[in-house]
>>> print(open('protein-v7.cif').read())   # mmCIF, C-alpha atoms
data_input
#
loop_
_atom_site.label_atom_id
_atom_site.label_comp_id
_atom_site.auth_asym_id
_atom_site.auth_seq_id
_atom_site.Cartn_x
_atom_site.Cartn_y
_atom_site.Cartn_z
CA MET L 1 22.62 -2.01 1.26
CA LYS L 2 19.61 -3.73 2.79
CA HIS L 3 15.89 -3.35 2.22
CA VAL L 4 14.07 -0.90 4.46
CA PHE L 5 12.06 -3.81 5.95
CA VAL L 6 15.18 -5.17 7.68
CA ASP L 7 14.29 -3.35 10.92
CA CYS L 8 10.56 -3.36 11.71
CA VAL L 9 10.73 -0.56 14.28
CA LYS L 10 12.88 1.78 12.19
CA TYR L 11 10.80 1.02 9.11
CA ALA L 12 7.66 2.12 10.96
CA GLN L 13 9.44 5.30 12.06
CA SER L 14 10.67 6.07 8.54
CA LEU L 15 7.22 5.45 7.12
CA GLN L 16 5.66 7.85 9.61
CA THR L 17 8.24 10.53 8.72
CA PHE L 18 7.43 10.02 5.05
CA PHE L 19 3.69 10.38 5.68
CA ASP L 20 4.31 13.52 7.75
CA HIS L 21 5.77 15.10 4.60
CA SER L 22 3.25 13.65 2.17
CA ASN L 23 -0.43 14.15 1.37
CA GLU L 24 -0.77 10.50 0.35
CA HIS L 25 -3.01 9.54 3.26
CA GLU L 26 -5.16 12.62 2.78
CA SER L 27 -5.59 11.69 -0.89
CA LEU L 28 -6.40 8.09 0.03
CA PHE L 29 -8.94 9.25 2.61
CA ASN L 30 -10.61 11.34 -0.09
CA PHE L 31 -10.77 8.29 -2.33
CA ILE L 32 -12.17 6.14 0.47
CA ASN L 33 -14.82 8.70 1.36
CA THR L 34 -15.82 9.16 -2.28
CA MET L 35 -15.59 5.67 -3.74
CA VAL L 36 -16.01 3.14 -0.90
CA PRO L 37 -19.77 3.81 -0.57
CA GLU L 38 -20.16 3.03 -4.29
CA ILE L 39 -18.01 -0.09 -3.97
CA ILE L 40 -19.92 -1.32 -0.92
CA SER L 41 -23.34 -0.67 -2.44
CA SER L 42 -22.53 -3.00 -5.33
CA ILE L 43 -21.18 -5.88 -3.23
CA GLY L 44 -23.50 -8.87 -3.18
CA ASN L 45 -25.15 -9.63 0.16
CA ARG L 46 -23.81 -13.17 0.25
CA THR L 47 -23.80 -13.84 3.96
CA ILE L 48 -23.73 -12.14 7.32
CA PRO L 49 -21.28 -10.97 8.53
CA LEU L 50 -19.64 -8.93 5.79
CA HIS L 51 -16.23 -10.55 5.26
CA ILE L 52 -13.27 -8.23 4.57
CA LEU L 53 -9.54 -8.87 4.15
CA GLY L 54 -6.85 -6.20 4.37
CA VAL L 55 -3.58 -7.32 2.76
CA GLY L 56 -0.46 -5.52 3.97
CA SER L 57 -2.56 -3.33 6.25
CA GLY L 58 0.34 -1.70 8.08
CA SER L 59 -0.71 0.29 11.14
CA GLY L 60 -4.39 0.15 10.14
CA GLU L 61 -5.13 3.84 9.61
CA LEU L 62 -6.58 3.28 6.15
CA ASP L 63 -8.27 0.00 7.08
CA LEU L 64 -10.18 1.70 9.88
CA GLU L 65 -11.20 4.52 7.55
CA ILE L 66 -12.60 1.94 5.14
CA LEU L 67 -14.42 0.21 7.97
CA SER L 68 -15.87 3.53 9.14
CA LYS L 69 -17.35 4.17 5.69
CA ILE L 70 -18.72 0.62 5.52
CA LYS L 71 -20.38 1.08 8.91
CA GLU L 72 -21.98 4.30 7.64
CA GLU L 73 -23.39 2.44 4.64
CA LYS L 74 -24.35 -0.72 6.51
CA PRO L 75 -24.71 0.34 10.18
CA ASP L 76 -26.45 -2.84 11.37
CA THR L 77 -24.27 -5.32 9.50
CA PRO L 78 -21.71 -7.21 11.59
CA ILE L 79 -18.27 -7.33 10.00
CA LEU L 80 -15.47 -9.88 10.14
CA ASN L 81 -12.26 -8.06 9.24
CA GLU L 82 -9.16 -10.17 8.66
CA VAL L 83 -5.76 -8.49 8.66
CA LEU L 84 -2.77 -9.94 6.79
CA GLU L 85 0.38 -8.07 7.91
CA PRO L 86 3.83 -9.66 8.49
CA ASN L 87 5.31 -6.68 10.39
CA SER L 88 4.70 -7.22 14.11
CA GLU L 89 5.38 -3.57 14.94
CA GLN L 90 2.70 -2.47 12.48
CA ILE L 91 0.17 -4.93 13.94
CA LYS L 92 0.91 -3.54 17.39
CA LEU L 93 0.15 -0.01 16.15
CA PHE L 94 -3.02 -1.27 14.45
CA LYS L 95 -4.30 -2.80 17.69
CA GLU L 96 -3.56 0.44 19.53
CA ARG L 97 -5.68 2.33 17.01
CA ILE L 98 -8.60 -0.06 17.58
CA ALA L 99 -8.28 0.35 21.36
CA ASN L 100 -8.69 4.11 20.91
CA ALA L 101 -11.64 3.77 18.53
CA PRO L 102 -14.62 2.25 20.40
CA ASN L 103 -16.96 2.60 17.40
CA PHE L 104 -15.76 -0.75 16.03
CA LYS L 105 -17.59 -2.85 18.60
CA ASN L 106 -19.54 -4.84 16.00
CA VAL L 107 -16.37 -5.57 14.03
CA LYS L 108 -14.53 -8.79 14.79
CA PHE L 109 -10.82 -8.72 13.93
CA MET L 110 -8.77 -11.74 12.94
CA TRP L 111 -4.98 -11.34 12.73
CA HIS L 112 -2.60 -13.07 10.35
CA PRO L 113 1.00 -12.02 11.20
CA LYS L 114 2.45 -13.60 8.08
CA THR L 115 3.37 -13.04 4.46
CA THR L 116 1.08 -13.48 1.48
CA GLU L 117 2.85 -16.72 0.56
CA GLU L 118 2.30 -18.12 4.05
CA TYR L 119 -1.35 -17.08 3.92
CA LYS L 120 -1.78 -18.89 0.59
CA GLN L 121 -0.74 -22.12 2.30
CA ASP L 122 -3.39 -21.58 5.00
CA VAL L 123 -6.06 -21.18 2.33
CA LYS L 124 -4.91 -24.38 0.62
CA ILE L 125 -5.29 -26.23 3.92
CA ASP L 126 -8.79 -24.73 4.15
CA ASN L 127 -9.52 -26.07 0.65
CA GLY L 128 -10.20 -22.54 -0.57
CA LEU L 129 -13.28 -22.10 1.62
CA ARG L 130 -12.44 -18.54 2.67
CA LYS L 131 -14.42 -16.08 0.55
CA PHE L 132 -14.40 -12.31 0.99
CA ASP L 133 -16.82 -9.58 0.00
CA LEU L 134 -13.99 -7.05 -0.10
CA ILE L 135 -10.22 -7.46 -0.30
CA HIS L 136 -8.02 -4.39 -0.34
CA MET L 137 -4.30 -4.17 -1.05
CA ILE L 138 -3.02 -0.63 -0.59
CA GLN L 139 0.58 0.10 -1.56
CA MET L 140 1.70 -3.49 -0.92
CA ILE L 141 1.67 -5.41 -4.24
CA TYR L 142 5.36 -4.50 -4.77
CA TYR L 143 6.34 -6.81 -1.91
CA VAL L 144 5.31 -10.12 -3.45
CA LYS L 145 7.48 -12.32 -5.62
CA ASP L 146 4.87 -13.02 -8.29
CA PRO L 147 2.29 -10.22 -8.78
CA TYR L 148 0.37 -12.20 -11.42
CA ALA L 149 -0.06 -15.23 -9.15
CA THR L 150 -0.93 -12.97 -6.21
CA VAL L 151 -3.67 -11.09 -8.07
CA LYS L 152 -5.04 -14.36 -9.46
CA PHE L 153 -5.04 -15.89 -5.97
CA PHE L 154 -6.90 -13.05 -4.29
CA MET L 155 -9.42 -12.85 -7.15
CA SER L 156 -10.14 -16.52 -6.40
CA CYS L 157 -10.78 -15.57 -2.77
CA LEU L 158 -13.68 -13.26 -3.66
CA ALA L 159 -17.30 -14.13 -3.00
CA PRO L 160 -19.78 -13.61 -5.87
CA LYS L 161 -19.90 -9.86 -6.67
CA GLY L 162 -16.94 -9.38 -4.30
CA LYS L 163 -14.41 -6.62 -5.02
CA LEU L 164 -10.61 -6.60 -5.03
CA VAL L 165 -9.15 -3.10 -4.59
CA ILE L 166 -5.47 -2.70 -5.50
CA ILE L 167 -3.86 0.71 -5.01
CA LEU L 168 -0.31 1.34 -6.24
CA LEU L 169 1.94 3.89 -7.89
CA SER L 170 0.95 5.36 -11.22
CA ARG L 171 3.29 4.67 -14.11
CA ASP L 172 3.52 8.44 -14.61
CA SER L 173 4.63 9.36 -11.08
CA HIS L 174 8.05 10.88 -10.33
CA TRP L 175 8.61 8.19 -7.71
CA ASN L 176 8.14 5.36 -10.18
CA ALA L 177 10.38 7.11 -12.73
CA LEU L 178 13.16 7.58 -10.16
CA TYR L 179 13.01 3.99 -9.01
CA ARG L 180 12.92 2.59 -12.53
CA LYS L 181 16.02 4.56 -13.48
CA HIS L 182 18.02 3.16 -10.56
CA GLU L 183 16.28 -0.19 -10.01
CA SER L 184 19.36 -2.28 -10.83
CA LEU L 185 21.19 -0.63 -7.91
CA LEU L 186 18.29 -0.11 -5.50
CA GLN L 187 16.53 -3.46 -5.91
CA PRO L 188 17.55 -5.69 -2.99
CA ASN L 189 17.81 -9.45 -3.29
CA GLU L 190 14.54 -10.36 -1.53
CA GLY L 191 12.76 -11.06 -4.82
CA PHE L 192 10.32 -8.14 -4.49
CA THR L 193 8.91 -6.33 -7.54
CA LEU L 194 9.55 -2.79 -6.33
CA ASP L 195 9.46 -1.31 -9.84
CA LEU L 196 5.81 -2.33 -10.29
CA HIS L 197 3.29 0.29 -11.40
CA SER L 198 -0.41 0.54 -12.22
CA GLU L 199 -0.16 -0.54 -15.86
CA ASP L 200 1.52 -3.79 -14.81
CA ILE L 201 -1.51 -4.78 -12.72
CA ILE L 202 -3.93 -3.63 -15.42
CA ASN L 203 -2.08 -5.95 -17.84
CA VAL L 204 -2.44 -8.81 -15.35
CA LEU L 205 -6.20 -8.26 -15.07
CA ASP L 206 -6.54 -7.95 -18.85
CA SER L 207 -4.80 -11.29 -19.26
CA MET L 208 -7.44 -12.77 -16.93
CA SER L 209 -10.30 -11.06 -18.82
CA ALA L 210 -11.28 -9.56 -15.47
CA LYS L 211 -13.82 -6.76 -15.09
CA TYR L 212 -12.32 -3.68 -13.42
CA GLN L 213 -12.38 0.11 -13.11
CA THR L 214 -9.50 2.51 -12.44
CA TYR L 215 -9.36 5.76 -10.46
CA LYS L 216 -6.52 8.29 -10.30
CA ILE L 217 -5.38 9.46 -6.85
CA PRO L 218 -2.99 12.46 -7.05
CA SER L 219 -0.42 12.74 -4.26
CA GLU L 220 3.04 14.14 -3.59
CA VAL L 221 5.78 14.21 -0.95
CA ASP L 222 7.72 17.28 0.16
CA ILE L 223 11.44 16.45 -0.08
CA THR L 224 12.76 19.96 0.64
CA GLU L 225 14.39 18.90 3.91
CA CYS L 226 16.37 16.22 2.10
CA PHE L 227 18.58 19.07 0.87
CA LEU L 228 18.92 20.82 4.24
CA GLU L 229 22.04 19.71 6.04
CA GLY L 230 21.35 18.49 9.55
CA SER L 231 17.62 17.92 9.04
CA LYS L 232 16.38 15.02 11.16
CA ASN L 233 13.77 14.12 8.54
CA VAL L 234 16.18 13.41 5.68
CA LYS L 235 16.73 9.79 6.60
CA GLY L 236 13.09 8.71 6.88
CA VAL L 237 11.99 10.27 3.60
CA LEU L 238 14.98 8.96 1.62
CA ASP L 239 14.70 5.47 3.14
CA ILE L 240 11.12 5.16 1.86
CA LEU L 241 11.78 6.77 -1.53
CA THR L 242 14.70 4.41 -2.24
CA GLU L 243 13.35 1.41 -0.25
CA ILE L 244 16.84 1.15 1.31
CA HIS L 245 17.47 0.93 5.06
CA ASP L 246 19.60 3.87 6.26
CA PHE L 247 20.19 4.99 2.67
CA THR L 248 22.04 8.16 3.74
CA ASN L 249 24.77 6.17 5.49
CA THR L 250 24.88 2.89 3.55
CA ALA L 251 24.50 3.89 -0.11
CA PRO L 252 27.71 4.14 -2.16
CA PRO L 253 28.70 7.82 -2.50
CA GLU L 254 28.25 7.81 -6.27
CA LEU L 255 24.70 6.39 -6.00
CA LYS L 256 23.74 8.81 -3.26
CA GLU L 257 25.10 11.71 -5.32
CA GLN L 258 23.16 10.58 -8.41
CA ILE L 259 19.89 10.15 -6.49
CA MET L 260 20.18 13.57 -4.86
CA SER L 261 21.04 15.15 -8.20
CA ASP L 262 18.06 13.49 -9.88
CA LEU L 263 15.72 14.64 -7.12
CA ARG L 264 16.50 18.24 -8.12
CA SER L 265 15.79 17.52 -11.78
CA PRO L 266 12.41 18.45 -13.40
CA GLU L 267 12.22 14.84 -14.59
CA PHE L 268 11.84 13.62 -11.00
CA SER L 269 10.49 16.59 -9.00
CA PHE L 270 8.87 20.01 -9.20
CA GLU L 271 9.12 23.22 -7.18
CA ASN L 272 6.31 25.27 -5.70
CA ASP L 273 6.67 28.29 -3.36
CA GLY L 274 10.29 27.40 -2.71
CA ARG L 275 9.50 23.79 -1.76
CA ILE L 276 10.55 20.68 -3.70
CA PHE L 277 8.03 17.89 -4.32
CA VAL L 278 8.11 14.41 -5.80
CA THR L 279 4.81 13.24 -7.27
CA THR L 280 3.66 9.95 -5.78
CA ASP L 281 0.42 9.68 -7.77
CA LEU L 282 -1.53 6.47 -7.22
CA VAL L 283 -4.07 4.49 -9.19
CA ALA L 284 -6.87 2.51 -7.54
CA ILE L 285 -7.90 -0.58 -9.52
CA VAL L 286 -11.23 -2.10 -8.48
CA ALA L 287 -11.75 -5.59 -9.88
CA GLU L 288 -14.96 -7.58 -9.51
CA ASN L 289 -15.71 -11.27 -9.24
CA ARG L 290 -18.52 -11.68 -11.77
#
>>> encode(input="protein-v7.cif", output="structure tokens")
Amino acid sequence: MKHVFVDCVKYAQSLQTFFDHSNEHESLFNFINTMVPEIISSIGNRTIPLHILGVGSGSGELDLEILSKIKEEKPDTPILNEVLEPNSEQIKLFKERIANAPNFKNVKFMWHPKTTEEYKQDVKIDNGLRKFDLIHMIQMIYYVKDPYATVKFFMSCLAPKGKLVIILLSRDSHWNALYRKHESLLQPNEGFTLDLHSEDIINVLDSMSAKYQTYKIPSEVDITECFLEGSKNVKGVLDILTEIHDFTNTAPPELKEQIMSDLRSPEFSFENDGRIFVTTDLVAIVAENR
């Protein structure tokens, strides 16, 4: 079995299928619309332009929503928005979104098609001169080899009063519980920390004596079609849930049988109006550079 990232194009397709069956983006939009104005209002006016970094930005849908809210709060402030995203297919989709959204004319975009580790080396060459008013990492902290070092690094990249927003799975979500049960079989050899959850990052920030706030973001994914033979959507949803490329066809039969059995268990899913859902609750952690 290989990690779902092995094929950039198919990963993007699977991710879109997953989102089509999930209310995760809707829940994140609600968080952005509710909390981003508060976050922005408390950011120190260090310099112009406002300097923002999106880490693991994917296709940019959430980044552009954040930028829209910032523009509402600070309509006359120019913005430099840097994007750190190693998946070339996702960057392509991001640029297409910008082309179809002309209201970002006073936003300058800078692209970094590389991993977090590669970006760290760039910052070292720059002697740590890059400072950001806002850094956001949405559903990406699992894909680094050392979460502690990564959080510490991006905290060091904040300007005075700057904010680091990390959004990841809640410890109490069905998705986290499912993955933790099977992590020894599902975890590929890339060195990722796919079993990470919100309490792990909170522990990291506590060890740094960092100032932070947390916000719960309820969400769920409809997995009903995963149990309907012949459904075209089975593959995409299962690939993302397990983090395995082409899980349906490459997983050992006994593992596939166990996963599908667990997904019908009350420990890992719930039913409503004849549909089956897995909770994918998130926690937003907003840390501040004092």
>>> residues_around(input="protein-v7.cif", residues="stretch 55-62 of chain L", least_positions_apart="2", cutoff="7 Å", atoms="only C-alpha atoms", output="list in words")
Leu53, Leu64, Glu65, Ile66, Val83, Leu84, Glu85, Gln90, Ile91, Leu93, Phe94, His136, Met137 and Met140 of chain L
>>> atom_distance(input="protein-v7.cif", atom1="atom CA of L:Cys157", atom2="atom CA of L:Leu80")
14.9 Å
>>> atom_distance(input="protein-v7.cif", atom1="atom CA of L:Val107", atom2="atom CA of L:Ile135")
15.7 Å
>>> residues_around(input="protein-v7.cif", residues="L:Leu241", least_positions_apart="5", cutoff="12 Å", atoms="only C-alpha atoms", output="PyMOL selection string")
chain L and resi 3-4+14-15+17-19+21-22+174-180+182-183+186+194-195+220-223+226+234-236+246-248+259-260+263+268+278-280
>>> atom_distance(input="protein-v7.cif", atom1="atom CA of L:Lys2", atom2="atom CA of L:Arg264")
24.7 Å
>>> residues_around(input="protein-v7.cif", residues="L:His197", least_positions_apart="2", cutoff="10 Å", atoms="all atoms listed in the file", output="mmCIF file with C-alpha atoms, keeping the file's coordinate frame")
data_model
loop_
_atom_site.group_PDB
_atom_site.id
_atom_site.type_symbol
_atom_site.label_atom_id
_atom_site.label_comp_id
_atom_site.auth_asym_id
_atom_site.auth_seq_id
_atom_site.Cartn_x
_atom_site.Cartn_y
_atom_site.Cartn_z
ATOM 1 C CA ILE L 141 1.670 -5.410 -4.240
ATOM 2 C CA TYR L 142 5.360 -4.500 -4.770
ATOM 3 C CA ILE L 167 -3.860 0.710 -5.010
ATOM 4 C CA LEU L 168 -0.310 1.340 -6.240
ATOM 5 C CA LEU L 169 1.940 3.890 -7.890
ATOM 6 C CA SER L 170 0.950 5.360 -11.220
ATOM 7 C CA ARG L 171 3.290 4.670 -14.110
ATOM 8 C CA ASP L 172 3.520 8.440 -14.610
ATOM 9 C CA SER L 173 4.630 9.360 -11.080
ATOM 10 C CA ASN L 176 8.140 5.360 -10.180
ATOM 11 C CA ALA L 177 10.380 7.110 -12.730
ATOM 12 C CA ARG L 180 12.920 2.590 -12.530
ATOM 13 C CA THR L 193 8.910 -6.330 -7.540
ATOM 14 C CA LEU L 194 9.550 -2.790 -6.330
ATOM 15 C CA ASP L 195 9.460 -1.310 -9.840
ATOM 16 C CA GLU L 199 -0.160 -0.540 -15.860
ATOM 17 C CA ASP L 200 1.520 -3.790 -14.810
ATOM 18 C CA ILE L 201 -1.510 -4.780 -12.720
ATOM 19 C CA ILE L 202 -3.930 -3.630 -15.420
ATOM 20 C CA LEU L 282 -1.530 6.470 -7.220
ATOM 21 C CA VAL L 283 -4.070 4.490 -9.190
#
>>> closest_residue(input="protein-v7.cif", among="L:Glu257, L:Asp146, L:Glu117, L:Glu82", to="L:Gly54", atoms="all atoms listed in the file")
L:Glu82
>>> closest_residue(input="protein-v7.cif", among="L:Asp20, L:Glu96, L:Asp239, L:Asp133", to="L:Ser42", atoms="only C-alpha atoms")
L:Asp133
>>> residues_around(input="protein-v7.cif", residues="L:Thr150", least_positions_apart="3", cutoff="10 Å", atoms="all atoms listed in the file", output="short mmCIF file (atom, residue, chain, number, x, y, z; two decimals) with C-alpha atoms, in the coordinates of the input")
data_model
loop_
_atom_site.label_atom_id
_atom_site.label_comp_id
_atom_site.auth_asym_id
_atom_site.auth_seq_id
_atom_site.Cartn_x
_atom_site.Cartn_y
_atom_site.Cartn_z
CA THR L 116 1.08 -13.48 1.48
CA GLU L 117 2.85 -16.72 0.56
CA LYS L 120 -1.78 -18.89 0.59
CA ILE L 141 1.67 -5.41 -4.24
CA VAL L 144 5.31 -10.12 -3.45
CA LYS L 145 7.48 -12.32 -5.62
CA ASP L 146 4.87 -13.02 -8.29
CA PRO L 147 2.29 -10.22 -8.78
CA PHE L 153 -5.04 -15.89 -5.97
CA PHE L 154 -6.90 -13.05 -4.29
CA MET L 155 -9.42 -12.85 -7.15
CA SER L 156 -10.14 -16.52 -6.40
#
>>> resolve_selection(input="protein-v7.cif", expression="the PyMOL selection byres ((chain L and resi 114) around 8)", output="ChimeraX atom specification")
/L:84-87,112-113,115-116,118-119
>>> closest_residue(input="protein-v7.cif", among="L:Asp262, L:Asp206, L:Asp63, L:Glu229", to="L:Ile285", atoms="all atoms listed in the file")
L:Asp206
>>> closest_residue(input="protein-v7.cif", among="L:Val123, L:Ile217, L:Leu28, L:Ile52", to="L:Ile40", atoms="all atoms listed in the file")
L:Ile52
